[in-house]
$ cat model.cif   # mmCIF, C-alpha atoms (C1' of nucleotides)
data_my_file
#
loop_
_atom_site.label_atom_id
_atom_site.label_comp_id
_atom_site.auth_asym_id
_atom_site.auth_seq_id
_atom_site.Cartn_x
_atom_site.Cartn_y
_atom_site.Cartn_z
CA MET Z 20 1.51 1.21 3.61
CA PRO Z 21 0.12 -2.26 3.36
CA LYS Z 22 1.31 -5.31 1.46
CA THR Z 23 4.88 -4.16 1.84
CA ALA Z 24 5.34 -5.02 5.51
CA ASN Z 25 7.39 -1.96 6.15
CA THR Z 26 8.61 -2.99 9.54
CA TYR Z 27 10.06 0.33 10.49
CA ASP Z 28 13.20 0.58 8.48
CA THR Z 29 15.29 3.71 8.53
CA PHE Z 30 13.88 5.06 5.28
CA THR Z 31 10.31 4.86 6.50
CA ALA Z 32 11.25 6.33 9.85
CA ILE Z 33 12.70 9.50 8.36
CA ALA Z 34 9.92 9.88 5.81
CA GLU Z 35 7.79 11.49 8.51
CA PRO Z 36 8.50 15.23 8.89
CA LYS Z 37 7.93 15.22 12.63
CA ARG Z 38 10.40 12.41 13.06
CA ARG Z 39 13.01 14.28 11.06
CA GLN Z 40 12.37 17.24 13.31
CA LEU Z 41 12.88 15.10 16.41
CA ILE Z 42 16.20 13.94 15.04
CA GLU Z 43 17.22 17.52 14.31
CA VAL Z 44 16.34 18.58 17.83
CA LEU Z 45 17.97 15.59 19.48
CA ILE Z 46 21.18 15.51 17.52
CA GLY Z 47 24.05 16.28 19.82
CA ASN Z 48 21.63 16.88 22.71
CA GLU Z 49 20.24 14.21 24.91
CA MET Z 50 16.76 15.21 25.98
CA ASN Z 51 13.93 13.74 27.99
CA VAL Z 52 10.37 13.50 26.74
CA GLY Z 53 9.16 16.53 28.66
CA GLU Z 54 11.83 18.71 27.12
CA LEU Z 55 10.91 17.40 23.69
CA VAL Z 56 7.25 18.14 24.36
CA GLU Z 57 8.16 21.66 25.38
CA THR Z 58 10.43 22.19 22.40
CA THR Z 59 8.06 20.82 19.81
CA GLN Z 60 4.77 21.91 21.39
CA TRP Z 61 3.21 18.62 20.37
CA ASN Z 62 1.07 16.53 22.68
CA GLN Z 63 3.04 14.16 24.83
CA PRO Z 64 1.64 10.95 23.29
CA VAL Z 65 2.52 12.26 19.84
CA VAL Z 66 6.11 12.74 20.94
CA SER Z 67 6.27 9.35 22.63
CA LYS Z 68 4.83 7.55 19.66
CA HIS Z 69 7.23 9.07 17.18
CA LEU Z 70 10.09 8.33 19.54
CA GLY Z 71 8.82 4.77 19.60
CA VAL Z 72 9.05 4.51 15.84
CA LEU Z 73 12.52 6.04 15.79
CA LYS Z 74 13.57 3.61 18.48
CA ALA Z 75 12.15 0.63 16.59
CA ALA Z 76 14.22 1.74 13.61
CA GLY Z 77 17.29 2.02 15.83
CA LEU Z 78 17.63 5.73 15.17
CA VAL Z 79 17.35 6.70 18.83
CA SER Z 80 18.16 5.04 22.12
CA GLU Z 81 16.64 5.60 25.47
CA ARG Z 82 18.04 5.65 29.00
CA ARG Z 83 16.03 5.80 32.20
CA GLU Z 84 16.89 8.25 34.91
CA GLY Z 85 14.41 8.37 37.74
CA ARG Z 86 11.05 8.72 36.14
CA GLN Z 87 12.44 10.38 33.07
CA ARG Z 88 13.50 8.76 29.83
CA ILE Z 89 16.42 10.36 28.15
CA TYR Z 90 16.71 9.96 24.41
CA ARG Z 91 19.65 10.36 22.11
CA VAL Z 92 20.20 9.92 18.40
CA ASN Z 93 22.22 7.01 17.06
CA ALA Z 94 23.64 9.04 14.23
CA GLN Z 95 25.52 6.16 12.66
CA GLU Z 96 22.18 4.54 11.84
CA LEU Z 97 21.69 7.24 9.24
CA GLN Z 98 24.70 6.04 7.34
CA PRO Z 99 22.87 3.37 5.30
CA ILE Z 100 20.77 6.11 3.79
CA GLN Z 101 23.82 8.15 2.97
CA LEU Z 102 25.38 5.13 1.32
CA TRP Z 103 22.26 4.47 -0.72
CA ILE Z 104 22.21 8.06 -1.91
CA LYS Z 105 25.93 8.19 -2.50
CA GLN Z 106 25.80 5.66 -5.31
CA PHE Z 107 23.81 8.20 -7.34
CA GLU Z 108 26.05 11.15 -6.68
CA LYS Z 109 28.06 10.73 -9.85
CA TYR Z 110 24.87 10.80 -11.88
CA TRP Z 111 23.78 14.17 -10.65
CA ASN Z 112 27.28 15.53 -11.18
CA GLN Z 113 27.11 14.08 -14.65
CA GLN Z 114 23.82 15.82 -15.25
CA PHE Z 115 25.36 19.11 -14.20
CA ASP Z 116 28.32 18.43 -16.48
CA GLN Z 117 25.97 17.83 -19.35
CA LEU Z 118 24.11 21.02 -18.60
CA ASP Z 119 27.44 22.75 -18.42
CA ALA Z 120 28.52 21.36 -21.77
CA TYR Z 121 25.23 22.41 -23.26
CA LEU Z 122 25.58 25.93 -21.95
CA ASN Z 123 29.13 26.12 -23.28
CA GLN Z 124 27.89 24.97 -26.63
CA LEU Z 125 25.27 27.70 -26.66
CA GLN Z 126 27.96 30.16 -25.67
CA ASN Z 127 30.20 29.08 -28.54
CA LYS Z 128 27.38 29.38 -31.01
CA GLY Z 129 26.86 32.90 -29.81
CA ASP Z 130 30.54 33.67 -30.20
CA ASN Z 131 30.58 32.44 -33.79
CA GLN Z 132 27.81 34.72 -34.90
CA MET J 4 -0.28 8.71 6.71
CA PRO J 5 -3.04 11.11 7.46
CA LYS J 6 -3.03 14.50 9.12
CA THR J 7 0.44 15.14 7.76
CA ALA J 8 -0.52 15.87 4.15
CA ASN J 9 2.52 14.13 2.80
CA THR J 10 2.10 15.36 -0.74
CA TYR J 11 4.75 13.20 -2.25
CA ASP J 12 7.99 14.67 -1.14
CA THR J 13 11.28 13.01 -1.93
CA PHE J 14 11.62 11.38 1.48
CA THR J 15 8.25 9.69 1.23
CA ALA J 16 8.90 8.65 -2.34
CA ILE J 17 12.06 6.74 -1.50
CA ALA J 18 10.60 5.21 1.64
CA GLU J 19 8.96 2.56 -0.52
CA PRO J 20 11.32 -0.33 -1.32
CA LYS J 21 9.91 -0.89 -4.79
CA ARG J 22 10.44 2.75 -5.64
CA ARG J 23 14.04 2.58 -4.51
CA GLN J 24 14.43 -0.45 -6.71
CA LEU J 25 12.98 1.41 -9.68
CA ILE J 26 15.50 4.17 -9.13
CA GLU J 27 18.32 1.64 -8.94
CA VAL J 28 17.21 0.03 -12.18
CA LEU J 29 16.64 3.31 -13.99
CA ILE J 30 19.76 5.12 -12.91
CA GLY J 31 21.94 5.71 -15.93
CA ASN J 32 19.50 3.77 -18.12
CA GLU J 33 16.47 5.25 -19.71
CA MET J 34 13.81 2.58 -19.92
CA ASN J 35 10.20 2.29 -21.02
CA VAL J 36 7.47 0.81 -18.90
CA GLY J 37 7.48 -2.54 -20.65
CA GLU J 38 11.18 -2.98 -20.00
CA LEU J 39 10.64 -2.07 -16.36
CA VAL J 40 7.83 -4.60 -16.11
CA GLU J 41 10.09 -7.24 -17.58
CA THR J 42 12.99 -6.36 -15.32
CA THR J 43 11.00 -6.18 -12.12
CA GLN J 44 8.43 -8.87 -12.88
CA TRP J 45 5.75 -6.73 -11.27
CA ASN J 46 2.33 -6.16 -12.80
CA GLN J 47 2.23 -3.29 -15.23
CA PRO J 48 -0.14 -1.12 -13.16
CA VAL J 49 2.13 -1.55 -10.16
CA VAL J 50 5.05 -0.25 -12.18
CA SER J 51 3.05 2.63 -13.62
CA LYS J 52 1.71 3.67 -10.25
CA HIS J 53 5.10 3.74 -8.59
CA LEU J 54 6.48 5.65 -11.54
CA GLY J 55 3.64 8.09 -11.03
CA VAL J 56 4.67 8.68 -7.44
CA LEU J 57 8.31 9.10 -8.39
CA LYS J 58 7.28 11.53 -11.08
CA ALA J 59 5.10 13.54 -8.71
CA ALA J 60 8.12 13.82 -6.43
CA GLY J 61 10.23 14.94 -9.36
CA LEU J 62 12.54 11.94 -9.07
CA VAL J 63 11.86 10.72 -12.59
CA SER J 64 10.85 12.33 -15.85
CA GLU J 65 9.04 10.84 -18.75
CA ARG J 66 9.33 11.25 -22.48
CA ARG J 67 6.94 9.89 -25.08
CA GLU J 68 8.17 7.99 -28.05
CA GLY J 69 5.44 6.47 -30.17
CA ARG J 70 3.23 4.63 -27.77
CA GLN J 71 5.99 4.08 -25.31
CA ARG J 72 6.91 6.24 -22.35
CA ILE J 73 10.56 6.42 -21.59
CA TYR J 74 11.53 7.17 -18.04
CA ARG J 75 14.76 8.47 -16.59
CA VAL J 76 15.94 9.39 -13.12
CA ASN J 77 16.50 13.01 -12.16
CA ALA J 78 19.41 12.15 -9.93
CA GLN J 79 19.94 15.69 -8.69
CA GLU J 80 16.57 15.49 -6.94
CA LEU J 81 18.16 13.10 -4.49
CA GLN J 82 20.54 15.78 -3.34
CA PRO J 83 18.22 17.32 -0.71
CA ILE J 84 18.23 14.01 1.09
CA GLN J 85 21.97 13.84 0.96
CA LEU J 86 22.18 17.35 2.35
CA TRP J 87 19.80 16.50 5.17
CA ILE J 88 21.85 13.46 6.08
CA LYS J 89 25.14 15.24 5.68
CA GLN J 90 24.50 17.54 8.62
CA PHE J 91 24.64 14.51 10.90
CA GLU J 92 27.80 13.02 9.48
CA LYS J 93 30.08 14.58 12.05
CA TYR J 94 28.00 13.05 14.82
CA TRP J 95 28.44 9.53 13.65
CA ASN J 96 32.15 10.09 13.13
CA GLN J 97 32.21 11.43 16.65
CA GLN J 98 30.50 8.32 17.90
CA PHE J 99 33.10 6.15 16.21
CA ASP J 100 35.84 8.28 17.70
CA GLN J 101 34.37 7.77 21.13
CA LEU J 102 34.15 4.03 20.59
CA ASP J 103 37.72 4.11 19.39
CA ALA J 104 38.86 6.00 22.47
CA TYR J 105 37.01 3.53 24.64
CA LEU J 106 38.61 0.55 22.95
CA ASN J 107 42.04 2.13 23.31
CA GLN J 108 41.36 2.66 26.95
CA LEU J 109 40.46 -1.01 27.40
CA GLN J 110 43.61 -1.93 25.52
CA ASN J 111 45.76 0.18 27.83
CA LYS J 112 44.19 -1.35 30.88
CA GLY J 113 45.09 -4.76 29.53
CA ASP J 114 48.65 -3.68 28.87
CA ASN J 115 49.08 -2.49 32.44
CA GLN J 116 48.12 -5.78 33.98
"C1'" DT U 1 0.94 3.94 51.54
"C1'" DT U 2 -1.23 7.55 49.28
"C1'" DT U 3 -0.39 11.12 45.95
"C1'" DA U 4 1.88 13.22 42.16
"C1'" DC U 5 4.66 13.04 38.26
"C1'" DA U 6 6.83 11.40 33.73
"C1'" DC U 7 6.02 8.75 30.29
"C1'" DA U 8 4.06 4.75 27.57
"C1'" DT U 9 0.19 2.45 25.79
"C1'" DT U 10 -4.47 1.57 24.27
"C1'" DC U 11 -8.64 2.66 21.89
"C1'" DC U 12 -10.70 4.99 18.37
"C1'" DC U 13 -11.11 7.35 14.09
"C1'" DA U 14 -9.93 9.33 9.68
"C1'" DT U 15 -7.15 8.99 5.97
"C1'" DA U 16 -3.37 7.37 2.98
"C1'" DT U 17 -1.86 3.97 0.05
"C1'" DA U 18 -0.13 -0.66 -2.08
"C1'" DG U 19 -1.86 -3.97 -5.08
"C1'" DG U 20 -5.20 -6.64 -8.02
"C1'" DA U 21 -8.66 -6.55 -11.61
"C1'" DA U 22 -10.83 -4.21 -14.92
"C1'" DT U 23 -11.10 -0.48 -17.95
"C1'" DA U 24 -9.76 3.76 -20.41
"C1'" DT U 25 -6.67 6.22 -23.54
"C1'" DA U 26 -3.50 7.16 -27.05
"C1'" DA U 27 -0.67 5.70 -30.76
"C1'" DT U 28 0.34 2.19 -34.35
"C1'" DT U 29 -0.78 -1.17 -37.63
"C1'" DA U 30 -3.80 -3.87 -40.63
"C1'" DT X 24 -11.86 2.28 -39.85
"C1'" DA X 25 -10.96 -1.83 -36.96
"C1'" DA X 26 -7.74 -4.27 -34.30
"C1'" DT X 27 -3.65 -4.21 -31.55
"C1'" DT X 28 -0.24 -2.49 -28.53
"C1'" DA X 29 1.71 0.33 -24.65
"C1'" DT X 30 0.61 2.55 -20.82
"C1'" DA X 31 -2.34 5.12 -17.49
"C1'" DT X 32 -6.29 5.26 -14.65
"C1'" DT X 33 -10.19 3.78 -11.96
"C1'" DC X 34 -12.45 0.93 -8.67
"C1'" DC X 35 -12.00 -1.91 -4.95
"C1'" DT X 36 -10.14 -3.85 -0.69
"C1'" DA X 37 -7.02 -4.62 3.06
"C1'" DT X 38 -4.00 -2.60 5.91
"C1'" DA X 39 -0.88 0.87 7.93
"C1'" DT X 40 -0.55 4.80 10.56
"C1'" DG X 41 -0.94 9.72 12.65
"C1'" DG X 42 -3.32 12.02 16.20
"C1'" DG X 43 -6.64 12.82 20.09
"C1'" DA X 44 -8.51 11.19 24.41
"C1'" DA X 45 -8.23 8.27 27.97
"C1'" DT X 46 -5.79 5.16 30.68
"C1'" DG X 47 -1.90 2.36 32.38
"C1'" DT X 48 2.75 1.93 34.61
"C1'" DG X 49 6.66 2.83 37.13
"C1'" DT X 50 9.11 5.95 40.20
"C1'" DA X 51 9.59 9.57 43.52
"C1'" DA X 52 7.73 12.45 47.06
"C1'" DA X 53 4.51 13.48 50.91
#

$ encode --input "model.cif" --output "structure tokens"
Amino acid sequence: MPKTANTYDTFTAIAEPKRRQLIEVLIGNEMNVGELVETTQWNQPVVSKHLGVLKAAGLVSERREGRQRIYRVNAQELQPIQLWIKQFEKYWNQQFDQLDAYLNQLQNKGDNQ
Amino acid sequence: MPKTANTYDTFTAIAEPKRRQLIEVLIGNEMNVGELVETTQWNQPVVSKHLGVLKAAGLVSERREGRQRIYRVNAQELQPIQLWIKQFEKYWNQQFDQLDAYLNQLQNKGDNQ
DNA sequence: TTTACACATTCCCATATAGGAATATAATTA
DNA sequence: TAATTATATTCCTATATGGGAATGTGTAAA
């Protein structure tokens, strides 16, 4: 994505399916890179690179323990996305209401015949 | 993004800031392309292309009226994202709770001295 | 102080894609 | 039918980025 210097914001970070998967695996469980490699069956550099992107976006943090790096999810960093989505919630409810009204209208037509 | 055939899913579609802006502008207001161009001050092809991506992802629909195309947001298509995020909600609450407990603990220490 | 291990980083390549300029297309008007 | 308008599409270029292979780095063990 050029021109739009997308310096790893949260939205871009979770656009990648593998990164969403990493978050799903890591949520509630701290894990080191080796465990993530084993779980995902991806090559180690692939795991490390995606972790790097998630870290740049603030979505994960890392802690060193011996020669291992232990990663965890910073769940609260997902909140901005939820807030962005939330502002549209009423509109999809509204759309369902309209569909509902429409179906009721059809129903009433049927009743009158 | 190669290798990961990212055939315009919702997550990818909203990763682009301009596309989020289009959704924000369009939500609750049907608008034609010319109005979007005027509102955003972007070049017309830029607007049309981003609308094309949003449409491929199902996030907007289009209706023809004369030579104009009128676009609207399909808000309910944002729901999958909300659902994905929602599963992590309890974890960020938990993190706040832990911070809270920690702060209380500090407070108590202070009180005891 | 070598060797082995866990992980990050670099180099390379293929591909995706944002945006500009130009052009095509479809509908309206003259 | 010709000209105009509204919008989409194509062509081009620069750049971002995912993944593989190889290599670097720091830490622990021999």

$ residues_around --input "model.cif" --residues "DT28 in chain X" --least-positions-apart "2" --cutoff "12 Å" --atoms "all atoms listed in the file" --output "JSON, numbers by chain"
{"J": [37, 69, 70, 71], "U": [25, 26, 27, 28, 29], "X": [26, 30]}

$ resolve_selection --input "model.cif" --expression "the PyMOL selection byres ((chain X) within 7 of (chain Z))" --output "list of chain:residue names"
X:DT38, X:DA39, X:DG42, X:DT50

$ resolve_selection --input "model.cif" --expression "the PyMOL selection byres ((chain Z) within 8 of (chain J))" --output "list of chain:residue names"
Z:Phe30, Z:Thr31, Z:Ile33, Z:Ala34, Z:Glu35, Z:Ile46, Z:Gly47, Z:Asn93, Z:Ala94, Z:Gln95, Z:Leu97, Z:Gln98, Z:Ile100, Z:Gln101, Z:Ile104, Z:Lys105, Z:Phe107, Z:Glu108, Z:Tyr110, Z:Trp111, Z:Asn112, Z:Gln114

$ interface_residues --input "model.cif" --of "chain U" --to "chain Z" --cutoff "7 Å" --atoms "all atoms listed in the file" --output "VMD selection string"
chain U and resid 6 17 to 18

$ atom_distance --input "model.cif" --atom1 "CA of Gly77 in chain Z" --atom2 "CA of Tyr27 in chain Z"
9.1 Å

$ resolve_selection --input "model.cif" --expression "the PyMOL selection byres ((chain U and resi 2) around 12)" --output "list in words"
DT1, DT3 and DA4 of chain U; DA52 and DA53 of chain X

$ write_last_selection --input "model.cif" --atoms "C-alpha atoms (C1' of nucleotides)" --output "PDB file, keeping the file's coordinate frame"
ATOM      1  C1'  DT U   1       0.940   3.940  51.540  1.00  0.00           C
ATOM      2  C1'  DT U   3      -0.390  11.120  45.950  1.00  0.00           C
ATOM      3  C1'  DA U   4       1.880  13.220  42.160  1.00  0.00           C
TER       4       DA U   4
ATOM      5  C1'  DA X  52       7.730  12.450  47.060  1.00  0.00           C
ATOM      6  C1'  DA X  53       4.510  13.480  50.910  1.00  0.00           C
TER       7       DA X  53
END

$ residues_near_point --input "model.cif" --point "(-9.5, -5.2, -12.8)" --cutoff "9 Å" --atoms "only C-alpha atoms (C1' of nucleotides)" --output "list in words"
DG20, DA21, DA22 and DT23 of chain U; DC34 and DC35 of chain X

$ atom_distance --input "model.cif" --atom1 "C1' of DT48 in chain X" --atom2 "CA of Leu70 in chain Z"
17.9 Å

$ residues_near_point --input "model.cif" --point "(-7.8, 2.0, 22.5)" --cutoff "10 Å" --atoms "only C-alpha atoms (C1' of nucleotides)" --output "MDAnalysis selection string"
(chainID U and resid 9:12) or (chainID X and resid 44:46)

$ write_last_selection --input "model.cif" --atoms "C-alpha atoms (C1' of nucleotides)" --output "compact mmCIF listing (two decimals), keeping the file's coordinate frame"
# COMPACT_ATOMS: atom_id res chain seq x y z
C1' DT U 9 0.19 2.45 25.79
C1' DT U 10 -4.47 1.57 24.27
C1' DC U 11 -8.64 2.66 21.89
C1' DC U 12 -10.70 4.99 18.37
C1' DA X 44 -8.51 11.19 24.41
C1' DA X 45 -8.23 8.27 27.97
C1' DT X 46 -5.79 5.16 30.68

$ atom_distance --input "model.cif" --atom1 "CA of Met34 in chain J" --atom2 "CA of Asn123 in chain Z"
28.3 Å

$ residues_around --input "model.cif" --residues "Asn32 in chain J" --least-positions-apart "3" --cutoff "9 Å" --atoms "all atoms listed in the file" --output "list in words"
Val28, Leu29, Tyr74, Arg75 and Val76 of chain J

$ build_atoms --input "model.cif" --residues "range 81-115 of chain Z" --atoms "N, CA and C atoms" --output "short mmCIF file (atom, residue, chain, number, x, y, z; two decimals), in the coordinates of the input"
data_model
loop_
_atom_site.label_atom_id
_atom_site.label_comp_id
_atom_site.auth_asym_id
_atom_site.auth_seq_id
_atom_site.Cartn_x
_atom_site.Cartn_y
_atom_site.Cartn_z
N GLU Z 81 17.31 5.02 24.32
CA GLU Z 81 16.64 5.60 25.47
C GLU Z 81 17.35 5.11 26.72
N ARG Z 82 17.39 5.98 27.73
CA ARG Z 82 18.04 5.65 29.00
C ARG Z 82 17.10 6.14 30.08
N ARG Z 83 16.92 5.36 31.13
CA ARG Z 83 16.03 5.80 32.20
C ARG Z 83 16.84 6.49 33.29
N GLU Z 84 16.25 7.53 33.81
CA GLU Z 84 16.89 8.25 34.91
C GLU Z 84 15.75 8.73 35.80
N GLY Z 85 15.58 8.07 36.92
CA GLY Z 85 14.41 8.37 37.74
C GLY Z 85 13.17 8.08 36.94
N ARG Z 86 12.25 8.99 36.95
CA ARG Z 86 11.05 8.72 36.14
C ARG Z 86 11.14 9.34 34.76
N GLN Z 87 12.27 9.82 34.41
CA GLN Z 87 12.44 10.38 33.07
C GLN Z 87 13.08 9.36 32.13
N ARG Z 88 12.81 9.56 30.85
CA ARG Z 88 13.50 8.76 29.83
C ARG Z 88 14.29 9.73 28.98
N ILE Z 89 15.54 9.45 28.88
CA ILE Z 89 16.42 10.36 28.15
C ILE Z 89 16.78 9.74 26.82
N TYR Z 90 16.51 10.47 25.76
CA TYR Z 90 16.71 9.96 24.41
C TYR Z 90 17.92 10.60 23.77
N ARG Z 91 18.57 9.80 22.93
CA ARG Z 91 19.65 10.36 22.11
C ARG Z 91 19.60 9.73 20.74
N VAL Z 92 20.17 10.41 19.78
CA VAL Z 92 20.20 9.92 18.40
C VAL Z 92 21.37 8.96 18.21
N ASN Z 93 21.13 7.87 17.52
CA ASN Z 93 22.22 7.01 17.06
C ASN Z 93 22.57 7.41 15.63
N ALA Z 94 23.40 8.43 15.55
CA ALA Z 94 23.64 9.04 14.23
C ALA Z 94 24.14 8.03 13.20
N GLN Z 95 24.92 7.09 13.63
CA GLN Z 95 25.52 6.16 12.66
C GLN Z 95 24.45 5.34 11.93
N GLU Z 96 23.25 5.28 12.51
CA GLU Z 96 22.18 4.54 11.84
C GLU Z 96 21.67 5.26 10.60
N LEU Z 97 22.08 6.50 10.45
CA LEU Z 97 21.69 7.24 9.24
C LEU Z 97 22.62 6.93 8.07
N GLN Z 98 23.70 6.28 8.38
CA GLN Z 98 24.70 6.04 7.34
C GLN Z 98 24.18 5.19 6.17
N PRO Z 99 23.38 4.15 6.43
CA PRO Z 99 22.87 3.37 5.30
C PRO Z 99 22.16 4.23 4.26
N ILE Z 100 21.45 5.23 4.73
CA ILE Z 100 20.77 6.11 3.79
C ILE Z 100 21.79 6.90 2.99
N GLN Z 101 22.80 7.40 3.69
CA GLN Z 101 23.82 8.15 2.97
C GLN Z 101 24.49 7.28 1.91
N LEU Z 102 24.73 6.03 2.27
CA LEU Z 102 25.38 5.13 1.32
C LEU Z 102 24.48 4.85 0.13
N TRP Z 103 23.18 4.71 0.40
CA TRP Z 103 22.26 4.47 -0.72
C TRP Z 103 22.27 5.66 -1.67
N ILE Z 104 22.21 6.84 -1.10
CA ILE Z 104 22.21 8.06 -1.91
C ILE Z 104 23.53 8.24 -2.65
N LYS Z 105 24.60 7.92 -1.97
CA LYS Z 105 25.93 8.19 -2.50
C LYS Z 105 26.17 7.54 -3.85
N GLN Z 106 25.58 6.36 -4.04
CA GLN Z 106 25.80 5.66 -5.31
C GLN Z 106 25.23 6.42 -6.51
N PHE Z 107 24.41 7.43 -6.24
CA PHE Z 107 23.81 8.20 -7.34
C PHE Z 107 24.47 9.54 -7.54
N GLU Z 108 25.41 9.84 -6.67
CA GLU Z 108 26.05 11.15 -6.68
C GLU Z 108 26.65 11.45 -8.05
N LYS Z 109 27.38 10.48 -8.58
CA LYS Z 109 28.06 10.73 -9.85
C LYS Z 109 27.07 11.07 -10.95
N TYR Z 110 25.84 10.54 -10.82
CA TYR Z 110 24.87 10.80 -11.88
C TYR Z 110 24.37 12.23 -11.83
N TRP Z 111 24.23 12.80 -10.62
CA TRP Z 111 23.78 14.17 -10.65
C TRP Z 111 24.92 15.10 -11.02
N ASN Z 112 26.15 14.74 -10.67
CA ASN Z 112 27.28 15.53 -11.18
C ASN Z 112 27.31 15.49 -12.70
N GLN Z 113 27.13 14.27 -13.21
CA GLN Z 113 27.11 14.08 -14.65
C GLN Z 113 26.05 14.96 -15.32
N GLN Z 114 24.87 15.00 -14.67
CA GLN Z 114 23.82 15.82 -15.25
C GLN Z 114 24.23 17.29 -15.28
N PHE Z 115 24.90 17.73 -14.21
CA PHE Z 115 25.36 19.11 -14.20
C PHE Z 115 26.42 19.32 -15.27
#
